[in-house]
Amino acid sequence: MPNLSGPTEQAIASADARSAHNYHPLPVVVASADGAWMTDVDGRRYLDMLAGYSALNFGHRNRRLIEVAKAQLDRVTLTSRAFHHDRFAAFCAELADLCGMEMVLPMNTGAEAVETAVKTARKWGYRVKGVPEGEARIVVAADNFHGRTTTIVSFSTDPEARADFGPYTPGFDIVPYGDIAALEAAVGDRTVAVLLEPIQGEAGVLVPPAGYLGAVRELTRARNVLFVADEIQSGLGRTGRTFACEHEDVVPDMYVLGKALGGGVVPVSAVVSSSEVLGVYRPGEHGSTFGGNPLACAVALEVIAMLRTGEFQQYAAELGDHLHRELGLLVGQGAVREVRGRGLWAGVDIDPSHGTGREISERLMDRGVLAKDTHGSTIRLAPPLVITKEDLDWGLARLREVLAEG
């Protein structure tokens, strides 16, 4: 455990005293941030190599996004969906166009968007496909991470996320990730959707075998099943493309978006699809008081405008190539067993003899780099897409130092 100073120790103790446990954060208390850097309550600076699990793709306090948010704060922030507001139509149109789709259903958090996608697929199954009421099934992948709600953990294979939260929501079939034969066997007459992450983030940045997403697209189209792509972490520039599905020239039937859509400023999520799919809703059948609020729409519109230039995607692709070349040099050198990922996103599997993922993350924190572990011995690296090559190299140098200690 790192040595904690007075302000940091006091802040963590105060939080622990009155907050329920859920995350297991590193023992750092952030007070301010800018770009790819954060400063704690003791004045220590850290390079952010996690970017809020991709929520901060455009960095901390991105000037364009903050200015848009400030301007909207002086106008109107919330109307609820009981009334129209003047930013909503543009947000829906621009996001639909970015996705090559027709309609948008905005929510707030990623888990809300996944829940909305599940409800949408079921309703489409009953109203369009003709599945008997109450019998719709959705195929998902093992080791998935789509959120923490009761329905979502019902189809999780992570005991930590699932245990003690039953009874669970039925209607889901779980198959191994990347196994097209298993997926084909699981899709039946009652199947309404296949819900997948194009890259599994929480599982350790797992990239599926080449051709897998294309095969999923062909299978779902042939069987009249919706292909739902959860691009909450992988989308909006992270992998060097606007969407990770684009690496295989695949367009799903439905995108599930969140995190970076709010620019690290406000929670924004959305389900984006065709009019045939999202058109199944009638007024009053679904809703969200804050979903699509004026402040969220204003910030998200600026995010979309930034993505339309393609500069963030290109930068993530080019700097991502550099990241993976540098990490690849560590494989087989004793500490690193495997590296996976795309763009500015990597999962680094550490030999347990060099420490747990948590221990490695704490040692990195001591050297001024913030990253996070997953599944025991894997370190996730996902810096903001605005990080400079010099700062990235500095962070990688600190990683090499930590691994050399073992």
# chains A, B, ... in the order shown; residues from 1 in each chain; ligands from 1
call {"tool": "residues_around", "arguments": {"residues": "stretch 376-383 of chain A", "least_positions_apart": "5", "cutoff": "10 Å", "atoms": "only C-alpha atoms", "output": "PyMOL selection string"}}
result
chain A and resi 36-37+47-54+56-59+201-205+233+238-239+316+320+323+336-341+343-361+370-371+388+392+395-396
call {"tool": "closest_atom_pairs", "arguments": {"of": "stretch 130-200 of chain A", "to": "stretch 246-258 of chain A", "cutoff": "12 Å", "atoms": "only C-alpha atoms", "output": "JSON lines"}}
result
{"residue": "A:His146", "atom": "CA", "partner": "A:Val256", "partner_atom": "CA", "distance": 9.9}
{"residue": "A:Gly147", "atom": "CA", "partner": "A:Gly258", "partner_atom": "CA", "distance": 11.4}
{"residue": "A:Val192", "atom": "CA", "partner": "A:Asp253", "partner_atom": "CA", "distance": 11.6}
{"residue": "A:Ala193", "atom": "CA", "partner": "A:Asp253", "partner_atom": "CA", "distance": 9.4}
{"residue": "A:Val194", "atom": "CA", "partner": "A:Asp253", "partner_atom": "CA", "distance": 10.0}
{"residue": "A:Leu195", "atom": "CA", "partner": "A:Met254", "partner_atom": "CA", "distance": 9.4}
{"residue": "A:Leu196", "atom": "CA", "partner": "A:Val256", "partner_atom": "CA", "distance": 10.0}
{"residue": "A:Glu197", "atom": "CA", "partner": "A:Val256", "partner_atom": "CA", "distance": 9.5}
{"residue": "A:Pro198", "atom": "CA", "partner": "A:His247", "partner_atom": "CA", "distance": 9.5}
{"residue": "A:Ile199", "atom": "CA", "partner": "A:His247", "partner_atom": "CA", "distance": 10.8}
call {"tool": "closest_residue", "arguments": {"among": "A:Ile387, A:Ala317, A:Ala298, A:Leu183", "to": "A:Val76", "atoms": "only C-alpha atoms"}}
result
A:Ala298
call {"tool": "atom_distance", "arguments": {"atom1": "atom CA of A:Ala182", "atom2": "atom CA of A:Tyr168"}}
result
23.1 Å
call {"tool": "residues_around", "arguments": {"residues": "stretch 10-12 of chain A", "least_positions_apart": "4", "cutoff": "9 Å", "atoms": "only C-alpha atoms", "output": "ChimeraX atom specification"}}
result
/A:5-6,16-17,27-29,41
call {"tool": "closest_atom_pairs", "arguments": {"of": "stretch 12-111 of chain A", "to": "stretch 263-266 of chain A", "cutoff": "12 Å", "atoms": "only C-alpha atoms", "output": "CSV"}}
result
residue,atom,partner,partner_atom,distance
A:Ala33,CA,A:Gly264,CA,11.5
A:Asp34,CA,A:Gly264,CA,11.5
A:Gly35,CA,A:Gly264,CA,11.1
A:Ala51,CA,A:Gly264,CA,8.8
A:Gly52,CA,A:Gly264,CA,7.9
A:Tyr53,CA,A:Gly264,CA,10.4
A:Ser54,CA,A:Gly264,CA,8.8
A:Ala55,CA,A:Gly264,CA,5.3
A:Leu56,CA,A:Gly264,CA,4.8
A:Asn57,CA,A:Gly263,CA,7.1
A:Phe58,CA,A:Gly263,CA,6.4
A:Gly59,CA,A:Gly264,CA,7.6
A:His60,CA,A:Gly264,CA,6.9
A:Arg61,CA,A:Val265,CA,7.6
A:Asn62,CA,A:Gly263,CA,7.9
A:Arg63,CA,A:Gly263,CA,10.7
A:Arg64,CA,A:Gly263,CA,9.9
A:Leu65,CA,A:Gly263,CA,6.8
A:Ile66,CA,A:Val265,CA,7.5
A:Glu67,CA,A:Val265,CA,10.9
A:Val68,CA,A:Val265,CA,10.4
A:Ala69,CA,A:Val265,CA,7.9
A:Lys70,CA,A:Val265,CA,10.7
A:Leu73,CA,A:Val266,CA,12.0
A:Thr77,CA,A:Val266,CA,11.2
A:Met107,CA,A:Val266,CA,11.7
A:Asn108,CA,A:Val266,CA,8.6
A:Thr109,CA,A:Val266,CA,9.7
call {"tool": "write_last_selection", "arguments": {"atoms": "C-alpha atoms", "output": "PDB file, in the first residue's frame"}}
result
ATOM      1  CA  ALA A  33      -7.341  17.938 -13.884  1.00  0.00           C
ATOM      2  CA  ASP A  34      -6.474  19.224 -17.330  1.00  0.00           C
ATOM      3  CA  GLY A  35      -5.926  17.330 -20.560  1.00  0.00           C
ATOM      4  CA  ALA A  51      -9.485   8.274 -19.085  1.00  0.00           C
ATOM      5  CA  GLY A  52     -12.494   7.364 -16.984  1.00  0.00           C
ATOM      6  CA  TYR A  53     -12.889   4.013 -18.765  1.00  0.00           C
ATOM      7  CA  SER A  54     -13.107   5.989 -22.061  1.00  0.00           C
ATOM      8  CA  ALA A  55     -15.522   8.625 -20.732  1.00  0.00           C
ATOM      9  CA  LEU A  56     -12.667  11.136 -20.992  1.00  0.00           C
ATOM     10  CA  ASN A  57     -11.607  10.399 -24.568  1.00  0.00           C
ATOM     11  CA  PHE A  58     -11.210  14.142 -25.182  1.00  0.00           C
ATOM     12  CA  GLY A  59      -9.301  14.788 -21.991  1.00  0.00           C
ATOM     13  CA  HIS A  60     -10.117  16.520 -18.748  1.00  0.00           C
ATOM     14  CA  ARG A  61     -11.852  19.880 -19.070  1.00  0.00           C
ATOM     15  CA  ASN A  62     -11.589  19.954 -22.863  1.00  0.00           C
ATOM     16  CA  ARG A  63     -11.869  23.656 -23.688  1.00  0.00           C
ATOM     17  CA  ARG A  64     -14.401  23.258 -26.490  1.00  0.00           C
ATOM     18  CA  LEU A  65     -16.668  21.110 -24.364  1.00  0.00           C
ATOM     19  CA  ILE A  66     -16.400  23.266 -21.256  1.00  0.00           C
ATOM     20  CA  GLU A  67     -17.238  26.430 -23.220  1.00  0.00           C
ATOM     21  CA  VAL A  68     -20.296  24.794 -24.754  1.00  0.00           C
ATOM     22  CA  ALA A  69     -21.414  23.561 -21.329  1.00  0.00           C
ATOM     23  CA  LYS A  70     -20.945  27.009 -19.774  1.00  0.00           C
ATOM     24  CA  LEU A  73     -25.782  26.558 -18.309  1.00  0.00           C
ATOM     25  CA  THR A  77     -30.346  22.744 -18.376  1.00  0.00           C
ATOM     26  CA  MET A 107     -30.633   8.100 -21.954  1.00  0.00           C
ATOM     27  CA  ASN A 108     -28.020   9.003 -19.316  1.00  0.00           C
ATOM     28  CA  THR A 109     -25.743   6.135 -18.298  1.00  0.00           C
TER      29      THR A 109
END
call {"tool": "residues_around", "arguments": {"residues": "A:Leu307", "least_positions_apart": "6", "cutoff": "10 Å", "atoms": "only C-alpha atoms", "output": "PDB file with N, CA and C atoms, in the first residue's frame"}}
result
ATOM      1  N   LEU A  98     -24.028  10.453 -37.685  1.00  0.00           N
ATOM      2  CA  LEU A  98     -22.692   9.960 -37.363  1.00  0.00           C
ATOM      3  C   LEU A  98     -22.659   8.442 -37.386  1.00  0.00           C
ATOM      4  N   LEU A 236     -16.515   5.915 -30.448  1.00  0.00           N
ATOM      5  CA  LEU A 236     -16.236   7.349 -30.428  1.00  0.00           C
ATOM      6  C   LEU A 236     -14.747   7.656 -30.366  1.00  0.00           C
ATOM      7  N   GLY A 237     -13.984   6.931 -31.205  1.00  0.00           N
ATOM      8  CA  GLY A 237     -12.584   7.268 -31.431  1.00  0.00           C
ATOM      9  C   GLY A 237     -11.558   6.428 -30.718  1.00  0.00           C
ATOM     10  N   ARG A 241     -10.969   4.292 -34.921  1.00  0.00           N
ATOM     11  CA  ARG A 241     -12.121   4.474 -35.798  1.00  0.00           C
ATOM     12  C   ARG A 241     -13.236   5.072 -34.957  1.00  0.00           C
ATOM     13  N   THR A 242     -14.258   5.609 -35.621  1.00  0.00           N
ATOM     14  CA  THR A 242     -15.379   6.135 -34.846  1.00  0.00           C
ATOM     15  C   THR A 242     -16.003   5.028 -34.015  1.00  0.00           C
ATOM     16  N   LEU A 301     -23.498  17.343 -28.820  1.00  0.00           N
ATOM     17  CA  LEU A 301     -23.398  17.914 -30.163  1.00  0.00           C
ATOM     18  C   LEU A 301     -21.980  18.355 -30.481  1.00  0.00           C
ATOM     19  N   GLN A 313      -9.810  10.239 -34.374  1.00  0.00           N
ATOM     20  CA  GLN A 313      -9.691   8.852 -34.793  1.00  0.00           C
ATOM     21  C   GLN A 313      -8.316   8.587 -35.396  1.00  0.00           C
TER      22      GLN A 313
END
call {"tool": "residues_around", "arguments": {"residues": "A:Pro294", "least_positions_apart": "4", "cutoff": "12 Å", "atoms": "only C-alpha atoms", "output": "compact mmCIF listing (two decimals) with N, CA, C and O atoms, in the first residue's frame"}}
result
# COMPACT_ATOMS: atom_id res chain seq x y z
N VAL A 68 -18.93 25.12 -24.34
CA VAL A 68 -20.30 24.79 -24.75
C VAL A 68 -21.18 24.56 -23.52
O VAL A 68 -22.32 25.03 -23.46
N ALA A 69 -20.65 23.82 -22.55
CA ALA A 69 -21.41 23.56 -21.33
C ALA A 69 -21.71 24.85 -20.58
O ALA A 69 -22.85 25.06 -20.11
N ALA A 71 -21.99 27.87 -21.79
CA ALA A 71 -22.98 28.64 -22.53
C ALA A 71 -24.38 28.08 -22.31
O ALA A 71 -25.35 28.82 -22.12
N GLN A 72 -24.49 26.75 -22.29
CA GLN A 72 -25.80 26.13 -22.10
C GLN A 72 -26.30 26.32 -20.67
O GLN A 72 -27.50 26.47 -20.44
N LEU A 73 -25.39 26.34 -19.70
CA LEU A 73 -25.78 26.56 -18.31
C LEU A 73 -26.47 27.91 -18.12
O LEU A 73 -27.31 28.06 -17.23
N ASP A 74 -26.14 28.88 -18.97
CA ASP A 74 -26.76 30.20 -18.87
C ASP A 74 -28.10 30.27 -19.58
O ASP A 74 -28.77 31.32 -19.54
N ARG A 75 -28.51 29.17 -20.25
CA ARG A 75 -29.77 29.18 -21.00
C ARG A 75 -30.83 28.30 -20.35
O ARG A 75 -31.80 28.78 -19.80
N VAL A 76 -30.64 26.98 -20.44
CA VAL A 76 -31.57 26.03 -19.83
C VAL A 76 -30.86 24.70 -19.72
O VAL A 76 -30.11 24.31 -20.62
N THR A 77 -31.04 24.01 -18.59
CA THR A 77 -30.35 22.74 -18.38
C THR A 77 -31.27 21.54 -18.41
O THR A 77 -30.84 20.44 -18.73
N LEU A 78 -32.54 21.73 -18.04
CA LEU A 78 -33.45 20.59 -17.96
C LEU A 78 -34.88 21.04 -18.20
O LEU A 78 -35.31 22.07 -17.67
N THR A 79 -35.59 20.28 -19.02
CA THR A 79 -37.02 20.53 -19.20
C THR A 79 -37.83 19.29 -18.83
O THR A 79 -39.04 19.38 -18.68
N SER A 80 -37.17 18.15 -18.67
CA SER A 80 -37.74 16.81 -18.66
C SER A 80 -38.27 16.56 -20.06
O SER A 80 -38.37 17.47 -20.89
N ARG A 81 -38.64 15.31 -20.35
CA ARG A 81 -39.16 15.02 -21.67
C ARG A 81 -40.64 15.36 -21.78
O ARG A 81 -41.29 15.04 -22.78
N PHE A 83 -41.56 18.31 -22.17
CA PHE A 83 -41.58 19.43 -23.11
C PHE A 83 -40.43 19.26 -24.10
O PHE A 83 -39.42 18.62 -23.81
N HIS A 84 -40.56 19.87 -25.26
CA HIS A 84 -39.47 19.92 -26.21
C HIS A 84 -38.47 20.99 -25.78
O HIS A 84 -38.80 21.91 -25.02
N HIS A 85 -37.23 20.87 -26.26
CA HIS A 85 -36.27 21.97 -26.11
C HIS A 85 -35.49 22.12 -27.40
O HIS A 85 -35.52 21.25 -28.28
N ASP A 86 -34.78 23.24 -27.53
CA ASP A 86 -34.23 23.61 -28.84
C ASP A 86 -32.92 22.94 -29.20
O ASP A 86 -32.36 23.22 -30.26
N ARG A 87 -32.38 22.03 -28.36
CA ARG A 87 -31.15 21.32 -28.72
C ARG A 87 -31.41 19.86 -29.08
O ARG A 87 -30.52 19.17 -29.58
N PHE A 88 -32.62 19.39 -28.79
CA PHE A 88 -32.90 17.96 -28.89
C PHE A 88 -32.90 17.45 -30.33
O PHE A 88 -32.28 16.43 -30.63
N ALA A 89 -33.59 18.13 -31.21
CA ALA A 89 -33.71 17.66 -32.59
C ALA A 89 -32.34 17.58 -33.26
O ALA A 89 -32.03 16.60 -33.96
N ALA A 90 -31.52 18.60 -33.04
CA ALA A 90 -30.19 18.61 -33.66
C ALA A 90 -29.33 17.47 -33.13
O ALA A 90 -28.60 16.82 -33.89
N PHE A 91 -29.40 17.23 -31.82
CA PHE A 91 -28.63 16.13 -31.23
C PHE A 91 -29.02 14.79 -31.87
O PHE A 91 -28.17 14.01 -32.28
N CYS A 92 -30.31 14.53 -31.94
CA CYS A 92 -30.76 13.25 -32.51
C CYS A 92 -30.34 13.12 -33.96
O CYS A 92 -29.87 12.06 -34.39
N PRO A 106 -32.26 8.80 -26.50
CA PRO A 106 -31.23 9.19 -25.53
C PRO A 106 -31.57 8.79 -24.10
O PRO A 106 -32.72 8.81 -23.69
N VAL A 266 -20.84 15.57 -18.69
CA VAL A 266 -22.15 15.15 -18.20
C VAL A 266 -22.41 13.73 -18.66
O VAL A 266 -21.88 13.30 -19.69
N VAL A 268 -24.14 11.08 -20.69
CA VAL A 268 -24.99 11.02 -21.88
C VAL A 268 -24.85 9.62 -22.47
O VAL A 268 -23.74 9.12 -22.65
N THR A 289 -36.30 11.07 -17.26
CA THR A 289 -36.45 12.49 -16.95
C THR A 289 -35.28 13.30 -17.48
O THR A 289 -35.45 14.37 -18.06
N PHE A 290 -34.06 12.81 -17.26
CA PHE A 290 -32.87 13.55 -17.67
C PHE A 290 -32.37 13.17 -19.06
O PHE A 290 -31.50 13.83 -19.61
N ALA A 298 -26.27 19.68 -25.71
CA ALA A 298 -25.31 20.68 -26.13
C ALA A 298 -23.89 20.13 -26.13
O ALA A 298 -23.12 20.31 -27.08
N VAL A 299 -23.52 19.45 -25.05
CA VAL A 299 -22.16 18.87 -24.96
C VAL A 299 -21.99 17.77 -25.99
O VAL A 299 -20.97 17.71 -26.70
N ALA A 300 -22.97 16.89 -26.12
CA ALA A 300 -22.86 15.78 -27.07
C ALA A 300 -22.78 16.28 -28.50
O ALA A 300 -22.07 15.69 -29.33
N LEU A 301 -23.50 17.34 -28.82
CA LEU A 301 -23.40 17.91 -30.16
C LEU A 301 -21.98 18.36 -30.48
O LEU A 301 -21.49 18.18 -31.60
call {"tool": "select_by_dssp", "arguments": {"residues": "stretch 79-176 of chain A", "states": "strand (DSSP E)", "output": "number ranges by chain"}}
result
A: 103-107, 137-141, 172-175
call {"tool": "write_last_selection", "arguments": {"atoms": "N, CA and C atoms", "output": "mmCIF file, in the first residue's frame"}}
result
data_model
loop_
_atom_site.group_PDB
_atom_site.id
_atom_site.type_symbol
_atom_site.label_atom_id
_atom_site.label_comp_id
_atom_site.auth_asym_id
_atom_site.auth_seq_id
_atom_site.Cartn_x
_atom_site.Cartn_y
_atom_site.Cartn_z
ATOM 1 N N MET A 103 -32.659 6.866 -36.217
ATOM 2 C CA MET A 103 -33.326 7.352 -35.014
ATOM 3 C C MET A 103 -32.444 7.176 -33.788
ATOM 4 N N VAL A 104 -32.712 8.016 -32.783
ATOM 5 C CA VAL A 104 -31.940 8.026 -31.537
ATOM 6 C C VAL A 104 -32.906 8.012 -30.360
ATOM 7 N N LEU A 105 -32.575 7.225 -29.358
ATOM 8 C CA LEU A 105 -33.311 7.238 -28.085
ATOM 9 C C LEU A 105 -32.289 7.548 -26.989
ATOM 10 N N PRO A 106 -32.261 8.796 -26.495
ATOM 11 C CA PRO A 106 -31.232 9.190 -25.529
ATOM 12 C C PRO A 106 -31.569 8.787 -24.103
ATOM 13 N N MET A 107 -30.523 8.405 -23.374
ATOM 14 C CA MET A 107 -30.633 8.100 -21.954
ATOM 15 C C MET A 107 -29.483 8.829 -21.252
ATOM 16 N N ARG A 137 -35.638 -14.156 -26.649
ATOM 17 C CA ARG A 137 -34.335 -14.494 -26.084
ATOM 18 C C ARG A 137 -33.262 -13.644 -26.747
ATOM 19 N N ILE A 138 -32.240 -13.332 -25.965
ATOM 20 C CA ILE A 138 -31.098 -12.543 -26.451
ATOM 21 C C ILE A 138 -29.831 -13.321 -26.163
ATOM 22 N N VAL A 139 -28.967 -13.448 -27.166
ATOM 23 C CA VAL A 139 -27.698 -14.155 -27.009
ATOM 24 C C VAL A 139 -26.617 -13.141 -26.647
ATOM 25 N N VAL A 140 -25.845 -13.461 -25.623
ATOM 26 C CA VAL A 140 -24.761 -12.595 -25.156
ATOM 27 C C VAL A 140 -23.485 -13.424 -25.045
ATOM 28 N N ALA A 141 -22.368 -12.740 -24.800
ATOM 29 C CA ALA A 141 -21.081 -13.425 -24.721
ATOM 30 C C ALA A 141 -20.620 -13.570 -23.283
ATOM 31 N N PHE A 172 -31.898 -14.939 -21.518
ATOM 32 C CA PHE A 172 -30.576 -14.727 -22.107
ATOM 33 C C PHE A 172 -29.840 -16.046 -22.271
ATOM 34 N N ASP A 173 -29.117 -16.176 -23.380
ATOM 35 C CA ASP A 173 -28.292 -17.349 -23.656
ATOM 36 C C ASP A 173 -26.848 -16.884 -23.796
ATOM 37 N N ILE A 174 -25.960 -17.518 -23.036
ATOM 38 C CA ILE A 174 -24.559 -17.099 -22.979
ATOM 39 C C ILE A 174 -23.690 -18.071 -23.769
ATOM 40 N N VAL A 175 -22.860 -17.514 -24.667
ATOM 41 C CA VAL A 175 -21.941 -18.327 -25.471
ATOM 42 C C VAL A 175 -20.525 -17.778 -25.317
#
call {"tool": "select_by_dssp", "arguments": {"residues": "stretch 84-232 of chain A", "states": "alpha helix (DSSP H)", "output": "ChimeraX atom specification"}}
result
/A:88-99,110-124,150-154,159-162,180-186,212-222
call {"tool": "atom_distance", "arguments": {"atom1": "atom CA of A:Pro132", "atom2": "atom CA of A:Arg190"}}
result
7.9 Å
call {"tool": "closest_residue", "arguments": {"among": "A:Arg217, A:Arg44, A:Arg223, A:Arg325", "to": "A:Asp393", "atoms": "only C-alpha atoms"}}
result
A:Arg325
call {"tool": "closest_residue", "arguments": {"among": "A:Glu184, A:Asp230, A:Glu218, A:Glu362", "to": "A:Ala117", "atoms": "only C-alpha atoms"}}
result
A:Asp230
call {"tool": "residues_around", "arguments": {"residues": "A:Val277", "least_positions_apart": "3", "cutoff": "10 Å", "atoms": "only C-alpha atoms", "output": "list of chain:residue names"}}
result
A:Glu102, A:Met103, A:Thr120, A:Ala121, A:Lys123, A:Trp124, A:Gly125, A:Arg127, A:Val128, A:Leu226, A:Asp253, A:Met254, A:Val272, A:Ser273, A:Ser274, A:Val280, A:Tyr281
call {"tool": "atom_distance", "arguments": {"atom1": "atom CA of A:Gly134", "atom2": "atom CA of A:Thr169"}}
result
12.0 Å
call {"tool": "closest_residue", "arguments": {"among": "A:Glu231, A:Asp321, A:Asp391, A:Glu302", "to": "A:Val114", "atoms": "only C-alpha atoms"}}
result
A:Glu231
call {"tool": "closest_residue", "arguments": {"among": "A:Asp179, A:Asp42, A:Phe243, A:Ala93", "to": "A:Ala142", "atoms": "only C-alpha atoms"}}
result
A:Asp179
